[in-house]
$ cat entry16.cif   # mmCIF, C-alpha atoms
data_protein
loop_
_atom_site.label_atom_id
_atom_site.label_comp_id
_atom_site.auth_asym_id
_atom_site.auth_seq_id
_atom_site.Cartn_x
_atom_site.Cartn_y
_atom_site.Cartn_z
CA MET A 1 -45.23 -187.90 119.99
CA ILE A 2 -46.53 -184.38 119.21
CA LYS A 3 -47.29 -182.42 116.05
CA ASP A 4 -45.84 -179.15 114.77
CA SER A 5 -47.74 -176.29 113.13
CA GLU A 6 -47.98 -178.25 109.85
CA SER A 7 -49.40 -181.31 111.64
CA LYS A 8 -46.22 -183.33 111.07
CA PRO A 9 -45.42 -185.75 113.88
CA ILE A 10 -42.38 -184.93 115.99
CA ASP A 11 -40.70 -187.76 117.85
CA LEU A 12 -39.53 -186.52 121.24
CA SER A 13 -37.66 -189.71 122.10
CA GLY A 14 -34.47 -188.49 120.45
CA TRP A 15 -34.54 -185.24 122.42
CA LEU A 16 -35.23 -187.07 125.67
CA ILE A 17 -32.34 -189.45 125.07
CA MET A 18 -30.03 -186.53 124.28
CA ILE A 19 -31.06 -184.70 127.47
CA PHE A 20 -30.50 -187.86 129.51
CA LEU A 21 -27.06 -188.38 127.99
CA CYS A 22 -26.15 -184.73 128.67
CA LEU A 23 -27.09 -185.16 132.33
CA VAL A 24 -25.09 -188.39 132.62
CA TRP A 25 -22.07 -186.96 130.81
CA GLY A 26 -22.13 -183.71 132.75
CA SER A 27 -22.58 -185.38 136.12
CA SER A 28 -19.41 -187.42 135.58
CA PHE A 29 -17.28 -184.37 136.36
CA ILE A 30 -19.17 -183.80 139.61
CA LEU A 31 -18.77 -187.46 140.55
CA ILE A 32 -15.04 -187.30 139.80
CA LYS A 33 -14.70 -184.31 142.13
CA LYS A 34 -16.61 -186.11 144.89
CA SER A 35 -14.54 -189.26 144.40
CA LEU A 36 -11.33 -187.32 144.96
CA ILE A 37 -12.40 -186.83 148.59
CA ALA A 38 -11.78 -190.53 149.24
CA PHE A 39 -9.37 -191.55 146.47
CA ASP A 40 -6.35 -190.09 144.71
CA TYR A 41 -6.60 -189.27 141.02
CA GLN A 42 -4.93 -192.53 139.94
CA GLN A 43 -7.39 -194.60 141.91
CA VAL A 44 -10.31 -192.68 140.44
CA GLY A 45 -9.01 -193.34 136.93
CA LEU A 46 -8.49 -197.03 137.62
CA LEU A 47 -11.95 -197.38 139.14
CA ARG A 48 -13.62 -195.67 136.18
CA ILE A 49 -11.86 -197.99 133.74
CA GLY A 50 -12.27 -201.10 135.87
CA ILE A 51 -16.00 -200.68 136.52
CA SER A 52 -16.68 -200.01 132.83
CA THR A 53 -14.70 -203.11 131.90
CA LEU A 54 -16.80 -205.29 134.21
CA VAL A 55 -19.94 -204.07 132.44
CA PHE A 56 -18.55 -205.09 129.04
CA LEU A 57 -17.05 -208.44 130.07
CA PRO A 58 -20.14 -210.54 129.15
CA PHE A 59 -19.84 -209.38 125.53
CA ILE A 60 -16.14 -210.08 124.97
CA PHE A 61 -16.26 -213.39 123.11
CA ARG A 62 -19.16 -212.40 120.88
CA GLU A 63 -17.78 -209.00 119.89
CA PHE A 64 -14.13 -210.00 119.46
CA LYS A 65 -15.11 -212.22 116.55
CA LYS A 66 -16.14 -209.14 114.58
CA ILE A 67 -12.67 -207.54 114.71
CA LYS A 68 -10.04 -208.35 112.08
CA ALA A 69 -6.38 -208.72 113.03
CA LYS A 70 -5.35 -205.61 111.08
CA GLU A 71 -7.88 -203.49 112.99
CA TRP A 72 -6.42 -204.13 116.44
CA ARG A 73 -3.73 -201.46 116.08
CA PHE A 74 -6.46 -198.86 115.64
CA ILE A 75 -8.41 -200.34 118.54
CA ILE A 76 -5.36 -199.93 120.77
CA ILE A 77 -4.95 -196.27 119.77
CA ALA A 78 -8.66 -195.60 120.33
CA ALA A 79 -8.53 -197.38 123.70
CA LEU A 80 -5.58 -195.40 125.04
CA ALA A 81 -6.62 -192.04 123.59
CA GLY A 82 -10.36 -192.31 124.12
CA ASN A 83 -10.56 -194.13 127.42
CA GLY A 84 -7.14 -194.68 128.97
CA PHE A 85 -5.31 -191.36 129.28
CA PRO A 86 -8.41 -189.13 129.80
CA ALA A 87 -9.55 -191.33 132.70
CA PHE A 88 -6.49 -190.14 134.63
CA LEU A 89 -6.09 -186.64 133.20
CA TYR A 90 -9.51 -185.39 134.28
CA PRO A 91 -9.17 -186.50 137.92
CA LEU A 92 -5.66 -185.01 137.94
CA ALA A 93 -7.04 -181.72 136.63
CA GLN A 94 -9.88 -181.71 139.16
CA THR A 95 -7.50 -181.93 142.08
CA HIS A 96 -7.03 -178.19 141.48
CA ILE A 97 -9.96 -176.99 139.32
CA ASP A 98 -13.69 -177.35 139.90
CA SER A 99 -15.98 -179.76 138.10
CA GLY A 100 -17.82 -177.00 136.22
CA LEU A 101 -14.65 -175.74 134.60
CA ALA A 102 -13.59 -179.29 133.73
CA GLY A 103 -16.91 -179.81 132.01
CA LEU A 104 -16.58 -176.57 130.06
CA LEU A 105 -13.07 -177.44 128.93
CA ASN A 106 -14.36 -180.80 127.78
CA SER A 107 -16.34 -178.92 125.14
CA LEU A 108 -13.04 -178.36 123.32
CA THR A 109 -13.20 -181.93 122.03
CA PRO A 110 -14.99 -180.95 118.77
CA VAL A 111 -12.44 -178.17 118.23
CA PHE A 112 -9.48 -180.52 118.39
CA THR A 113 -11.37 -183.17 116.45
CA PHE A 114 -11.65 -180.70 113.57
CA ILE A 115 -8.02 -179.57 113.80
CA LEU A 116 -6.63 -183.11 113.88
CA SER A 117 -8.94 -184.21 111.08
CA LEU A 118 -7.44 -181.50 108.86
CA LEU A 119 -3.84 -182.15 109.83
CA PHE A 120 -3.74 -185.93 109.86
CA PHE A 121 -6.98 -187.46 108.57
CA GLY A 122 -7.59 -185.71 105.26
CA ALA A 123 -10.76 -183.82 106.18
CA VAL A 124 -12.08 -181.13 103.86
CA PHE A 125 -11.52 -177.57 105.08
CA LYS A 126 -14.62 -175.44 105.71
CA TRP A 127 -14.61 -171.79 106.79
CA GLN A 128 -17.63 -172.24 109.03
CA LYS A 129 -15.81 -174.88 111.04
CA LEU A 130 -12.73 -172.67 111.26
CA VAL A 131 -14.81 -169.89 112.82
CA GLY A 132 -16.13 -172.37 115.36
CA VAL A 133 -12.59 -173.51 116.13
CA LEU A 134 -11.39 -169.95 116.73
CA ILE A 135 -14.33 -169.19 119.00
CA GLY A 136 -13.74 -172.40 120.92
CA LEU A 137 -10.04 -171.75 121.35
CA GLY A 138 -10.69 -168.18 122.44
CA GLY A 139 -13.18 -169.36 125.02
CA ALA A 140 -10.73 -171.96 126.29
CA VAL A 141 -7.99 -169.38 126.75
CA ILE A 142 -10.35 -167.12 128.71
CA LEU A 143 -11.49 -170.03 130.88
CA ILE A 144 -7.94 -171.17 131.59
CA LEU A 145 -6.64 -167.70 132.43
CA PHE A 146 -9.62 -166.22 134.24
CA GLY A 147 -12.07 -169.06 134.92
CA LYS A 148 -13.47 -169.63 138.35
CA GLY A 149 -11.89 -172.62 139.99
CA ILE A 150 -8.37 -171.99 138.72
CA GLY A 151 -7.37 -169.08 140.86
CA ALA A 152 -3.60 -168.82 141.04
CA SER A 153 -1.60 -169.10 137.85
CA GLU A 154 0.22 -172.21 139.09
CA ASN A 155 -3.03 -174.15 138.66
CA ILE A 156 -3.10 -173.49 134.92
CA GLN A 157 -1.14 -176.70 134.36
CA TYR A 158 -4.04 -178.67 135.83
CA ALA A 159 -6.51 -176.98 133.51
CA LEU A 160 -4.19 -177.89 130.65
CA SER A 161 -4.43 -181.52 131.79
CA ALA A 162 -8.13 -181.36 130.96
CA VAL A 163 -7.33 -179.74 127.62
CA LEU A 164 -4.85 -182.53 126.87
CA ALA A 165 -7.59 -185.04 127.63
CA THR A 166 -9.78 -183.44 124.94
CA ILE A 167 -6.91 -183.78 122.45
CA PHE A 168 -6.78 -187.48 123.25
CA TYR A 169 -10.55 -187.69 122.84
CA ALA A 170 -10.27 -185.98 119.47
CA THR A 171 -7.57 -188.41 118.38
CA SER A 172 -9.79 -191.35 119.27
CA VAL A 173 -12.79 -189.87 117.46
CA ASN A 174 -10.77 -189.43 114.27
CA VAL A 175 -9.22 -192.89 114.43
CA VAL A 176 -12.61 -194.51 114.96
CA GLY A 177 -14.27 -192.38 112.28
CA THR A 178 -11.53 -193.09 109.75
CA HIS A 179 -10.56 -196.71 110.40
CA LEU A 180 -13.27 -198.33 112.52
CA LYS A 181 -16.53 -196.76 111.39
CA HIS A 182 -17.74 -200.08 109.95
CA LEU A 183 -17.77 -201.58 113.48
CA ASN A 184 -20.68 -200.94 115.82
CA THR A 185 -20.24 -198.95 119.02
CA LEU A 186 -20.58 -201.96 121.30
CA THR A 187 -17.82 -203.86 119.52
CA ILE A 188 -15.42 -200.91 119.72
CA ASN A 189 -16.13 -200.25 123.40
CA VAL A 190 -15.81 -203.89 124.40
CA ALA A 191 -12.46 -204.15 122.64
CA CYS A 192 -11.16 -200.85 124.00
CA PHE A 193 -12.10 -201.49 127.60
CA THR A 194 -10.73 -205.02 127.48
CA ILE A 195 -7.33 -203.73 126.38
CA ILE A 196 -7.04 -201.13 129.12
CA GLY A 197 -9.48 -202.59 131.63
CA ILE A 198 -7.90 -205.94 132.38
CA PRO A 199 -4.58 -204.33 133.46
CA ALA A 200 -6.56 -201.74 135.47
CA LEU A 201 -8.49 -204.44 137.33
CA VAL A 202 -5.31 -206.42 138.01
CA TYR A 203 -3.58 -203.31 139.34
#

$ encode --input "entry16.cif" --output "structure tokens"
Amino acid sequence: MIKDSESKPIDLSGWLIMIFLCLVWGSSFILIKKSLIAFDYQQVGLLRIGISTLVFLPFIFREFKKIKAKEWRFIIIAALAGNGFPAFLYPLAQTHIDSGLAGLLNSLTPVFTFILSLLFFGAVFKWQKLVGVLIGLGGAVILILFGKGIGASENIQYALSAVLATIFYATSVNVVGTHLKHLNTLTINVACFTIIGIPALVY
């Protein structure tokens, strides 16, 4: 806890948590790249899902009680879009692009979240957000065409795999924000990883 110029207390815990999460989130792309040395992209995806599922298993019975029958269809969409497909698309992309570029392309998630929210989820249009979308899309095009780690044009399809993953992420964010926002994060994650994780572990 510190104080600003007006002697108001500033809680640094939020900033420290954010920095920690940034490091964890960013390092995932490096770990994916390293994992591809020993495993193929499908195995990496299955391991990511399976290990996460094992972490959430102890909470299954308690959290499932909080989900209504009509909400499961949205849980399934969120599970596949937010955890299932991206778990395979990023390792696939990183078989031909570097982890830094994958991480940068991941920043397109807010862009597609905004676009999908306008098209399908009834969000209110704002010019400021549109400017951000255009800047984000322009940056993505530059990264895909000229970014380090892509090289030859035939590798563009792998960069687009990462872009597709962000579209899936954006879909999940909108579904959760529109239909599941009354559920806590733990409940949603337990349900999502159970749906896709049990088959992954069996496989």

$ atom_distance --input "entry16.cif" --atom1 "CA of Gln128 in chain A" --atom2 "CA of Pro110 in chain A"
13.3 Å

$ residues_around --input "entry16.cif" --residues "range 67-84 of chain A" --least-positions-apart "2" --cutoff "9 Å" --atoms "only C-alpha atoms" --output "count of residues only"
33

$ atom_distance --input "entry16.cif" --atom1 "CA of Phe85 in chain A" --atom2 "CA of Ser161 in chain A"
10.2 Å

$ atom_distance --input "entry16.cif" --atom1 "CA of Ile142 in chain A" --atom2 "CA of Leu118 in chain A"
24.7 Å

$ residues_around --input "entry16.cif" --residues "Phe56 in chain A" --least-positions-apart "3" --cutoff "6 Å" --atoms "only C-alpha atoms" --output "PyMOL selection string"
chain A and resi 53+59+190

$ resolve_selection --input "entry16.cif" --expression "the PyMOL selection byres ((chain A and resi 50) around 8)" --output "NGL selection string"
:A and (46-49 or 51-54 or 197-198 or 200-201)

$ closest_residue --input "entry16.cif" --among "A:Gln157, A:Lys33, A:Gln43, A:Gly14" --to "Tyr203 in chain A" --atoms "all atoms listed in the file"
A:Gln43

$ resolve_selection --input "entry16.cif" --expression "the PyMOL selection byres ((chain A and resi 30) around 10)" --output "ChimeraX atom specification"
/A:25-29,31-35,94,98-100,102-103

$ residues_around --input "entry16.cif" --residues "Ala93 in chain A" --least-positions-apart "3" --cutoff "7 Å" --atoms "all atoms listed in the file" --output "list in words"
Leu89, Tyr90, His96, Ile97, Tyr158, Ala159, Ser161 and Ala162 of chain A

$ write_last_selection --input "entry16.cif" --atoms "C-alpha atoms" --output "mmCIF file, keeping the file's coordinate frame"
data_model
loop_
_atom_site.group_PDB
_atom_site.id
_atom_site.type_symbol
_atom_site.label_atom_id
_atom_site.label_comp_id
_atom_site.auth_asym_id
_atom_site.auth_seq_id
_atom_site.Cartn_x
_atom_site.Cartn_y
_atom_site.Cartn_z
ATOM 1 C CA LEU A 89 -6.090 -186.640 133.200
ATOM 2 C CA TYR A 90 -9.510 -185.390 134.280
ATOM 3 C CA HIS A 96 -7.030 -178.190 141.480
ATOM 4 C CA ILE A 97 -9.960 -176.990 139.320
ATOM 5 C CA TYR A 158 -4.040 -178.670 135.830
ATOM 6 C CA ALA A 159 -6.510 -176.980 133.510
ATOM 7 C CA SER A 161 -4.430 -181.520 131.790
ATOM 8 C CA ALA A 162 -8.130 -181.360 130.960
#

$ residues_around --input "entry16.cif" --residues "range 132-134 of chain A" --least-positions-apart "3" --cutoff "9 Å" --atoms "only C-alpha atoms" --output "PDB file with C-alpha atoms, in the frame of the given file"
ATOM      1  CA  LEU A 108     -13.040-178.360 123.320  1.00  0.00           C
ATOM      2  CA  PRO A 110     -14.990-180.950 118.770  1.00  0.00           C
ATOM      3  CA  VAL A 111     -12.440-178.170 118.230  1.00  0.00           C
ATOM      4  CA  PHE A 112      -9.480-180.520 118.390  1.00  0.00           C
ATOM      5  CA  PHE A 114     -11.650-180.700 113.570  1.00  0.00           C
ATOM      6  CA  ILE A 115      -8.020-179.570 113.800  1.00  0.00           C
ATOM      7  CA  TRP A 127     -14.610-171.790 106.790  1.00  0.00           C
ATOM      8  CA  GLN A 128     -17.630-172.240 109.030  1.00  0.00           C
ATOM      9  CA  LYS A 129     -15.810-174.880 111.040  1.00  0.00           C
ATOM     10  CA  LEU A 137     -10.040-171.750 121.350  1.00  0.00           C
ATOM     11  CA  GLY A 138     -10.690-168.180 122.440  1.00  0.00           C
ATOM     12  CA  GLY A 139     -13.180-169.360 125.020  1.00  0.00           C
TER      13      GLY A 139
END

$ build_atoms --input "entry16.cif" --residues "range 169-193 of chain A" --atoms "N, CA, C and O atoms" --output "PDB file, keeping the file's coordinate frame"
ATOM      1  N   TYR A 169      -9.210-187.358 123.306  1.00  0.00           N
ATOM      2  CA  TYR A 169     -10.550-187.690 122.840  1.00  0.00           C
ATOM      3  C   TYR A 169     -10.676-187.469 121.333  1.00  0.00           C
ATOM      4  O   TYR A 169     -11.224-188.299 120.604  1.00  0.00           O
ATOM      5  N   ALA A 170     -10.182-186.327 120.887  1.00  0.00           N
ATOM      6  CA  ALA A 170     -10.270-185.980 119.470  1.00  0.00           C
ATOM      7  C   ALA A 170      -9.494-186.967 118.602  1.00  0.00           C
ATOM      8  O   ALA A 170      -9.929-187.334 117.504  1.00  0.00           O
ATOM      9  N   THR A 171      -8.353-187.410 119.102  1.00  0.00           N
ATOM     10  CA  THR A 171      -7.570-188.410 118.380  1.00  0.00           C
ATOM     11  C   THR A 171      -8.372-189.697 118.228  1.00  0.00           C
ATOM     12  O   THR A 171      -8.446-190.291 117.141  1.00  0.00           O
ATOM     13  N   SER A 172      -8.993-190.124 119.311  1.00  0.00           N
ATOM     14  CA  SER A 172      -9.790-191.350 119.270  1.00  0.00           C
ATOM     15  C   SER A 172     -10.964-191.217 118.310  1.00  0.00           C
ATOM     16  O   SER A 172     -11.247-192.141 117.531  1.00  0.00           O
ATOM     17  N   VAL A 173     -11.641-190.085 118.346  1.00  0.00           N
ATOM     18  CA  VAL A 173     -12.790-189.870 117.460  1.00  0.00           C
ATOM     19  C   VAL A 173     -12.363-189.986 115.991  1.00  0.00           C
ATOM     20  O   VAL A 173     -13.039-190.636 115.179  1.00  0.00           O
ATOM     21  N   ASN A 174     -11.244-189.380 115.648  1.00  0.00           N
ATOM     22  CA  ASN A 174     -10.770-189.430 114.270  1.00  0.00           C
ATOM     23  C   ASN A 174     -10.327-190.819 113.854  1.00  0.00           C
ATOM     24  O   ASN A 174     -10.572-191.248 112.718  1.00  0.00           O
ATOM     25  N   VAL A 175      -9.663-191.523 114.744  1.00  0.00           N
ATOM     26  CA  VAL A 175      -9.220-192.890 114.430  1.00  0.00           C
ATOM     27  C   VAL A 175     -10.430-193.797 114.212  1.00  0.00           C
ATOM     28  O   VAL A 175     -10.483-194.563 113.239  1.00  0.00           O
ATOM     29  N   VAL A 176     -11.409-193.689 115.105  1.00  0.00           N
ATOM     30  CA  VAL A 176     -12.610-194.510 114.960  1.00  0.00           C
ATOM     31  C   VAL A 176     -13.371-194.131 113.690  1.00  0.00           C
ATOM     32  O   VAL A 176     -13.806-195.009 112.921  1.00  0.00           O
ATOM     33  N   GLY A 177     -13.529-192.839 113.449  1.00  0.00           N
ATOM     34  CA  GLY A 177     -14.270-192.380 112.280  1.00  0.00           C
ATOM     35  C   GLY A 177     -13.600-192.720 110.964  1.00  0.00           C
ATOM     36  O   GLY A 177     -14.269-192.894 109.940  1.00  0.00           O
ATOM     37  N   THR A 178     -12.273-192.822 110.986  1.00  0.00           N
ATOM     38  CA  THR A 178     -11.530-193.090 109.750  1.00  0.00           C
ATOM     39  C   THR A 178     -11.309-194.577 109.513  1.00  0.00           C
ATOM     40  O   THR A 178     -11.446-195.066 108.387  1.00  0.00           O
ATOM     41  N   HIS A 179     -10.989-195.319 110.575  1.00  0.00           N
ATOM     42  CA  HIS A 179     -10.560-196.710 110.400  1.00  0.00           C
ATOM     43  C   HIS A 179     -11.510-197.753 110.985  1.00  0.00           C
ATOM     44  O   HIS A 179     -11.389-198.932 110.647  1.00  0.00           O
ATOM     45  N   LEU A 180     -12.433-197.343 111.842  1.00  0.00           N
ATOM     46  CA  LEU A 180     -13.270-198.330 112.520  1.00  0.00           C
ATOM     47  C   LEU A 180     -14.763-198.045 112.384  1.00  0.00           C
ATOM     48  O   LEU A 180     -15.569-198.623 113.110  1.00  0.00           O
ATOM     49  N   LYS A 181     -15.131-197.181 111.471  1.00  0.00           N
ATOM     50  CA  LYS A 181     -16.530-196.760 111.390  1.00  0.00           C
ATOM     51  C   LYS A 181     -17.467-197.885 110.949  1.00  0.00           C
ATOM     52  O   LYS A 181     -18.685-197.790 111.125  1.00  0.00           O
ATOM     53  N   HIS A 182     -16.916-198.957 110.372  1.00  0.00           N
ATOM     54  CA  HIS A 182     -17.740-200.080 109.950  1.00  0.00           C
ATOM     55  C   HIS A 182     -18.122-200.988 111.128  1.00  0.00           C
ATOM     56  O   HIS A 182     -19.009-201.830 111.011  1.00  0.00           O
ATOM     57  N   LEU A 183     -17.449-200.802 112.288  1.00  0.00           N
ATOM     58  CA  LEU A 183     -17.770-201.580 113.480  1.00  0.00           C
ATOM     59  C   LEU A 183     -18.823-200.857 114.310  1.00  0.00           C
ATOM     60  O   LEU A 183     -18.842-199.626 114.347  1.00  0.00           O
ATOM     61  N   ASN A 184     -19.677-201.611 114.990  1.00  0.00           N
ATOM     62  CA  ASN A 184     -20.680-200.940 115.820  1.00  0.00           C
ATOM     63  C   ASN A 184     -20.056-200.463 117.127  1.00  0.00           C
ATOM     64  O   ASN A 184     -18.965-200.893 117.519  1.00  0.00           O
ATOM     65  N   THR A 185     -20.764-199.594 117.805  1.00  0.00           N
ATOM     66  CA  THR A 185     -20.240-198.950 119.020  1.00  0.00           C
ATOM     67  C   THR A 185     -19.937-199.968 120.110  1.00  0.00           C
ATOM     68  O   THR A 185     -18.920-199.846 120.806  1.00  0.00           O
ATOM     69  N   LEU A 186     -20.794-200.957 120.262  1.00  0.00           N
ATOM     70  CA  LEU A 186     -20.580-201.960 121.300  1.00  0.00           C
ATOM     71  C   LEU A 186     -19.278-202.727 121.074  1.00  0.00           C
ATOM     72  O   LEU A 186     -18.501-202.942 122.008  1.00  0.00           O
ATOM     73  N   THR A 187     -19.039-203.119 119.846  1.00  0.00           N
ATOM     74  CA  THR A 187     -17.820-203.860 119.520  1.00  0.00           C
ATOM     75  C   THR A 187     -16.581-203.046 119.860  1.00  0.00           C
ATOM     76  O   THR A 187     -15.629-203.546 120.474  1.00  0.00           O
ATOM     77  N   ILE A 188     -16.581-201.777 119.473  1.00  0.00           N
ATOM     78  CA  ILE A 188     -15.420-200.910 119.720  1.00  0.00           C
ATOM     79  C   ILE A 188     -15.199-200.729 121.220  1.00  0.00           C
ATOM     80  O   ILE A 188     -14.069-200.823 121.712  1.00  0.00           O
ATOM     81  N   ASN A 189     -16.267-200.474 121.961  1.00  0.00           N
ATOM     82  CA  ASN A 189     -16.130-200.250 123.400  1.00  0.00           C
ATOM     83  C   ASN A 189     -15.688-201.495 124.143  1.00  0.00           C
ATOM     84  O   ASN A 189     -14.860-201.422 125.058  1.00  0.00           O
ATOM     85  N   VAL A 190     -16.225-202.639 123.768  1.00  0.00           N
ATOM     86  CA  VAL A 190     -15.810-203.890 124.400  1.00  0.00           C
ATOM     87  C   VAL A 190     -14.328-204.125 124.187  1.00  0.00           C
ATOM     88  O   VAL A 190     -13.589-204.469 125.124  1.00  0.00           O
ATOM     89  N   ALA A 191     -13.870-203.944 122.957  1.00  0.00           N
ATOM     90  CA  ALA A 191     -12.460-204.150 122.640  1.00  0.00           C
ATOM     91  C   ALA A 191     -11.569-203.152 123.376  1.00  0.00           C
ATOM     92  O   ALA A 191     -10.538-203.524 123.953  1.00  0.00           O
ATOM     93  N   CYS A 192     -11.970-201.899 123.364  1.00  0.00           N
ATOM     94  CA  CYS A 192     -11.160-200.850 124.000  1.00  0.00           C
ATOM     95  C   CYS A 192     -11.028-201.076 125.502  1.00  0.00           C
ATOM     96  O   CYS A 192      -9.927-200.995 126.069  1.00  0.00           O
ATOM     97  N   PHE A 193     -12.146-201.342 126.147  1.00  0.00           N
ATOM     98  CA  PHE A 193     -12.100-201.490 127.600  1.00  0.00           C
ATOM     99  C   PHE A 193     -11.435-202.800 128.030  1.00  0.00           C
ATOM    100  O   PHE A 193     -10.908-202.891 129.135  1.00  0.00           O
TER     101      PHE A 193
END
